[in-house]
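Below is model_38.pdb, holding PDB, C-alpha atoms.
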```pdb
ATOM      1  CA  MET A  14      82.734  19.190  -9.697
ATOM      2  CA  SER A  15      85.760  16.976  -9.413
ATOM      3  CA  ARG A  16      87.509  17.792  -6.136
ATOM      4  CA  ARG A  17      86.635  15.372  -3.341
ATOM      5  CA  THR A  18      86.143  18.328  -0.988
ATOM      6  CA  ASP A  19      83.422  19.697  -3.256
ATOM      7  CA  GLN A  20      81.848  16.270  -3.556
ATOM      8  CA  ARG A  21      81.753  15.883   0.228
ATOM      9  CA  ARG A  22      80.132  19.299   0.555
ATOM     10  CA  ALA A  23      77.575  18.367  -2.088
ATOM     11  CA  ALA A  24      76.754  15.196  -0.144
ATOM     12  CA  ALA A  25      76.318  17.206   3.069
ATOM     13  CA  PHE A  26      74.074  19.714   1.283
ATOM     14  CA  ALA A  27      71.974  16.865  -0.143
ATOM     15  CA  LEU A  28      71.555  15.362   3.343
ATOM     16  CA  TYR A  29      70.667  18.805   4.690
ATOM     17  CA  GLN A  30      68.028  19.396   2.023
ATOM     18  CA  HIS A  31      66.690  15.861   2.441
ATOM     19  CA  GLU A  32      66.231  16.415   6.173
ATOM     20  CA  LEU A  33      64.664  19.864   5.840
ATOM     21  CA  THR A  34      62.305  19.099   2.973
ATOM     22  CA  SER A  35      61.651  15.370   3.504
ATOM     23  CA  ARG A  36      62.229  14.959  -0.239
ATOM     24  CA  GLU A  37      63.937  11.818  -1.473
ATOM     25  CA  LEU A  38      67.722  12.028  -1.765
ATOM     26  CA  ASP A  39      67.460  11.438  -5.516
ATOM     27  CA  ASP A  40      65.399  14.622  -5.775
ATOM     28  CA  VAL A  41      67.854  16.896  -3.949
ATOM     29  CA  PHE A  42      71.133  16.093  -5.692
ATOM     30  CA  GLU A  43      72.568  18.598  -8.122
ATOM     31  CA  ARG A  44      72.226  17.430 -11.727
ATOM     32  CA  ASP A  45      75.989  16.856 -12.015
ATOM     33  CA  ALA A  46      76.349  15.035  -8.679
ATOM     34  CA  THR A  47      79.112  12.449  -8.915
ATOM     35  CA  GLU A  48      78.848   8.805  -8.004
ATOM     36  CA  PHE A  49      81.025   9.502  -4.938
ATOM     37  CA  THR A  50      78.708  12.315  -3.779
ATOM     38  CA  ARG A  51      75.673  10.076  -4.139
ATOM     39  CA  ALA A  52      77.406   7.151  -2.401
ATOM     40  CA  LEU A  53      78.396   9.355   0.552
ATOM     41  CA  ALA A  54      74.902  10.779   0.976
ATOM     42  CA  TYR A  55      73.173   7.405   0.660
ATOM     43  CA  ALA A  56      75.612   5.728   3.043
ATOM     44  CA  ALA A  57      75.253   8.544   5.591
ATOM     45  CA  SER A  58      71.484   8.206   5.303
ATOM     46  CA  ASP A  59      71.735   4.422   5.776
ATOM     47  CA  TYR A  60      73.972   4.850   8.844
ATOM     48  CA  THR A  61      72.054   7.798  10.352
ATOM     49  CA  ALA A  62      71.136   5.983  13.578
ATOM     50  CA  ASP A  63      74.751   4.891  14.145
ATOM     51  CA  LEU A  64      76.194   8.308  13.263
ATOM     52  CA  ASP A  65      73.647  10.149  15.395
ATOM     53  CA  ALA A  66      74.444   7.909  18.371
ATOM     54  CA  VAL A  67      78.072   9.070  18.085
ATOM     55  CA  LEU A  68      76.955  12.708  17.806
ATOM     56  CA  GLU A  69      74.698  12.291  20.848
ATOM     57  CA  ARG A  70      77.539  10.835  22.957
ATOM     58  CA  HIS A  71      79.881  13.712  22.206
ATOM     59  CA  ALA A  72      77.540  16.706  21.941
ATOM     60  CA  LYS A  73      77.547  17.358  25.665
ATOM     61  CA  GLY A  74      74.277  18.931  26.714
ATOM     62  CA  TRP A  75      72.859  18.826  23.178
ATOM     63  CA  SER A  76      70.419  16.341  21.723
ATOM     64  CA  VAL A  77      70.899  15.531  18.058
ATOM     65  CA  ASP A  78      67.597  17.285  17.335
ATOM     66  CA  ARG A  79      69.040  20.565  18.679
ATOM     67  CA  ILE A  80      72.082  20.504  16.388
ATOM     68  CA  ALA A  81      71.620  22.770  13.367
ATOM     69  CA  PRO A  82      70.693  20.637  10.345
ATOM     70  CA  LEU A  83      73.624  21.736   8.156
ATOM     71  CA  GLU A  84      76.151  21.145  10.954
ATOM     72  CA  LYS A  85      74.610  17.740  11.569
ATOM     73  CA  ALA A  86      74.844  16.854   7.857
ATOM     74  CA  ILE A  87      78.476  17.987   7.699
ATOM     75  CA  MET A  88      79.362  15.891  10.749
ATOM     76  CA  ARG A  89      77.465  12.851   9.446
ATOM     77  CA  ILE A  90      79.556  12.880   6.256
ATOM     78  CA  ALA A  91      82.814  13.224   8.228
ATOM     79  CA  LEU A  92      81.805  10.521  10.719
ATOM     80  CA  LEU A  93      80.794   8.195   7.918
ATOM     81  CA  GLU A  94      84.250   8.438   6.372
ATOM     82  CA  MET A  95      85.916   8.096   9.782
ATOM     83  CA  LEU A  96      83.896   5.131  11.054
ATOM     84  CA  HIS A  97      82.819   3.399   7.836
ATOM     85  CA  PRO A  98      85.509   4.192   5.248
ATOM     86  CA  ASP A  99      84.309   1.418   2.937
ATOM     87  CA  ALA A 100      80.688   2.628   2.868
ATOM     88  CA  ALA A 101      81.413   5.060   0.031
ATOM     89  CA  PRO A 102      84.366   3.603  -1.837
ATOM     90  CA  SER A 103      87.052   5.899  -3.155
ATOM     91  CA  ASP A 104      90.471   5.307  -4.643
ATOM     92  CA  THR A 105      92.146   6.889  -1.632
ATOM     93  CA  PRO A 106      90.178   6.990   1.632
ATOM     94  CA  ILE A 107      90.536  10.249   3.523
ATOM     95  CA  PRO A 108      92.388   9.947   6.849
ATOM     96  CA  PRO A 109      90.220  10.773   9.882
ATOM     97  CA  GLU A 110      92.108  14.015  10.510
ATOM     98  CA  GLY A 111      91.425  15.035   6.921
ATOM     99  CA  ALA A 112      87.718  14.333   7.310
ATOM    100  CA  ILE A 113      87.670  16.492  10.445
ATOM    101  CA  ASP A 114      89.593  19.295   8.745
ATOM    102  CA  GLU A 115      87.255  19.321   5.744
ATOM    103  CA  ALA A 116      84.185  19.331   8.009
ATOM    104  CA  VAL A 117      85.574  22.258  10.025
ATOM    105  CA  GLU A 118      86.414  24.206   6.852
ATOM    106  CA  THR A 119      82.919  23.594   5.478
ATOM    107  CA  ALA A 120      81.399  24.759   8.767
ATOM    108  CA  LYS A 121      83.578  27.900   8.660
ATOM    109  CA  GLU A 122      82.308  28.729   5.205
ATOM    110  CA  TYR A 123      78.612  27.856   5.525
ATOM    111  CA  CYS A 124      77.623  27.864   9.211
ATOM    112  CA  GLY A 125      77.576  30.268  12.145
ATOM    113  CA  ALA A 126      80.610  31.562  14.027
ATOM    114  CA  ASP A 127      80.447  28.879  16.744
ATOM    115  CA  ALA A 128      79.957  25.971  14.347
ATOM    116  CA  PRO A 129      83.611  25.243  13.449
ATOM    117  CA  GLY A 130      84.614  24.768  17.097
ATOM    118  CA  PHE A 131      81.511  22.701  17.801
ATOM    119  CA  VAL A 132      82.120  20.467  14.759
ATOM    120  CA  ASN A 133      85.817  20.098  15.597
ATOM    121  CA  GLY A 134      85.111  19.234  19.233
ATOM    122  CA  ILE A 135      82.567  16.532  18.447
ATOM    123  CA  LEU A 136      84.554  14.946  15.632
ATOM    124  CA  ALA A 137      87.826  15.033  17.595
ATOM    125  CA  ALA A 138      86.096  13.338  20.544
ATOM    126  CA  ALA A 139      84.669  10.704  18.189
ATOM    127  CA  LEU A 140      88.147  10.071  16.780
ATOM    128  CA  ARG A 141      89.620   9.705  20.285
ATOM    129  CA  GLU A 142      86.837   7.246  21.141
ATOM    130  CA  GLN A 143      87.447   5.277  17.933
ATOM    131  CA  ARG A 144      91.182   5.065  18.573
ATOM    132  CA  ALA A 145      90.696   4.090  22.222
ATOM    133  CA  ALA A 146      88.313   1.316  21.166
ATOM    134  CA  ALA A 147      90.907   0.096  18.654
ATOM    135  CA  GLY A 148      93.577   0.094  21.357
ATOM    136  CA  GLY A 149      95.446   3.113  19.988
ATOM    137  CA  ALA A 150      96.194   6.494  21.500
TER     138      ALA A 150
END
```
Spit out the file's structure as structure tokens when you get a sec.
Amino acid sequence: MSRRTDQRRAAAFALYQHELTSRELDDVFERDATEFTRALAYAASDYTADLDAVLERHAKGWSVDRIAPLEKAIMRIALLEMLHPDAAPSDTPIPPEGAIDEAVETAKEYCGADAPGFVNGILAAALREQRAAAGGA
């Protein structure tokens, strides 16, 4: 597993399994999980309250508890890389639009029919908020 896309998916799946089973993150990683995968999952777990606050603000009419666990895990990984790019160091940080695209593609492949639009809408709104707060467009 060398592609960053695969490593991000593995981190999302680890978060998903951690949430569903209440097992420790160390116990849900694949045997060959990379350092980057582990760093993403641990950082997303550490920043859960912050990431979920962003999800809550942009998931109009949905509480974080109502969001499907896999969709939530996918969005937490994307938000982590968008809002805290240094939390899981990589040689080349992914641009926010890339994080959104990868999250949407993962949702297309592994979630229900409505998930990609839902994931895209929330993450795009979070990016607009981030850019507005930074004084950009």
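For the choices A:Ser58, A:Thr34, A:Asn133, A:Ser76, the atom-to-atom distance to Pro109 of chain A is smallest for A:Asn133 when using only C-alpha atoms.
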Selection near Ala72 of chain A, 9 Å with all atoms listed in the file, sequence-local residues under 5 positions removed, as a PyMOL selection string: chain A and resi 67+77+80+131+134-135
For this structure, which residues satisfy the selection - the PyMOL selection byres ((chain A and resi 90) around 12) - when it is evaluated on the file as given? I want them as a PyMOL selection string. chain A and resi 18+20-29+49-61+64-65+68+83-89+91-98+100-101+107+109+112-113+115-117+119+132+136
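Between atom CA of Glu37 of chain A and atom CA of Asp99 of chain A lies a distance of 23.3 Å.
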Counting all atoms listed in the file, find the residues whose atoms lie at most 8 Å from (80.4, 8.6, 22.3) (file coordinates) and write them out as a ChimeraX atom specification. /A:66-71,138-139,142
With distances taken over only C-alpha atoms, the candidate from A:Pro108, A:Pro102, A:Pro129, A:Pro82 nearest His31 of chain A is A:Pro82
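Take atom CA of Val41 of chain A and atom CA of Glu110 of chain A: the distance between them is 28.4 Å.
Rounded to one decimal, atom CA of Glu48 of chain A and atom CA of Ser103 of chain A lie 10.0 Å from each other.
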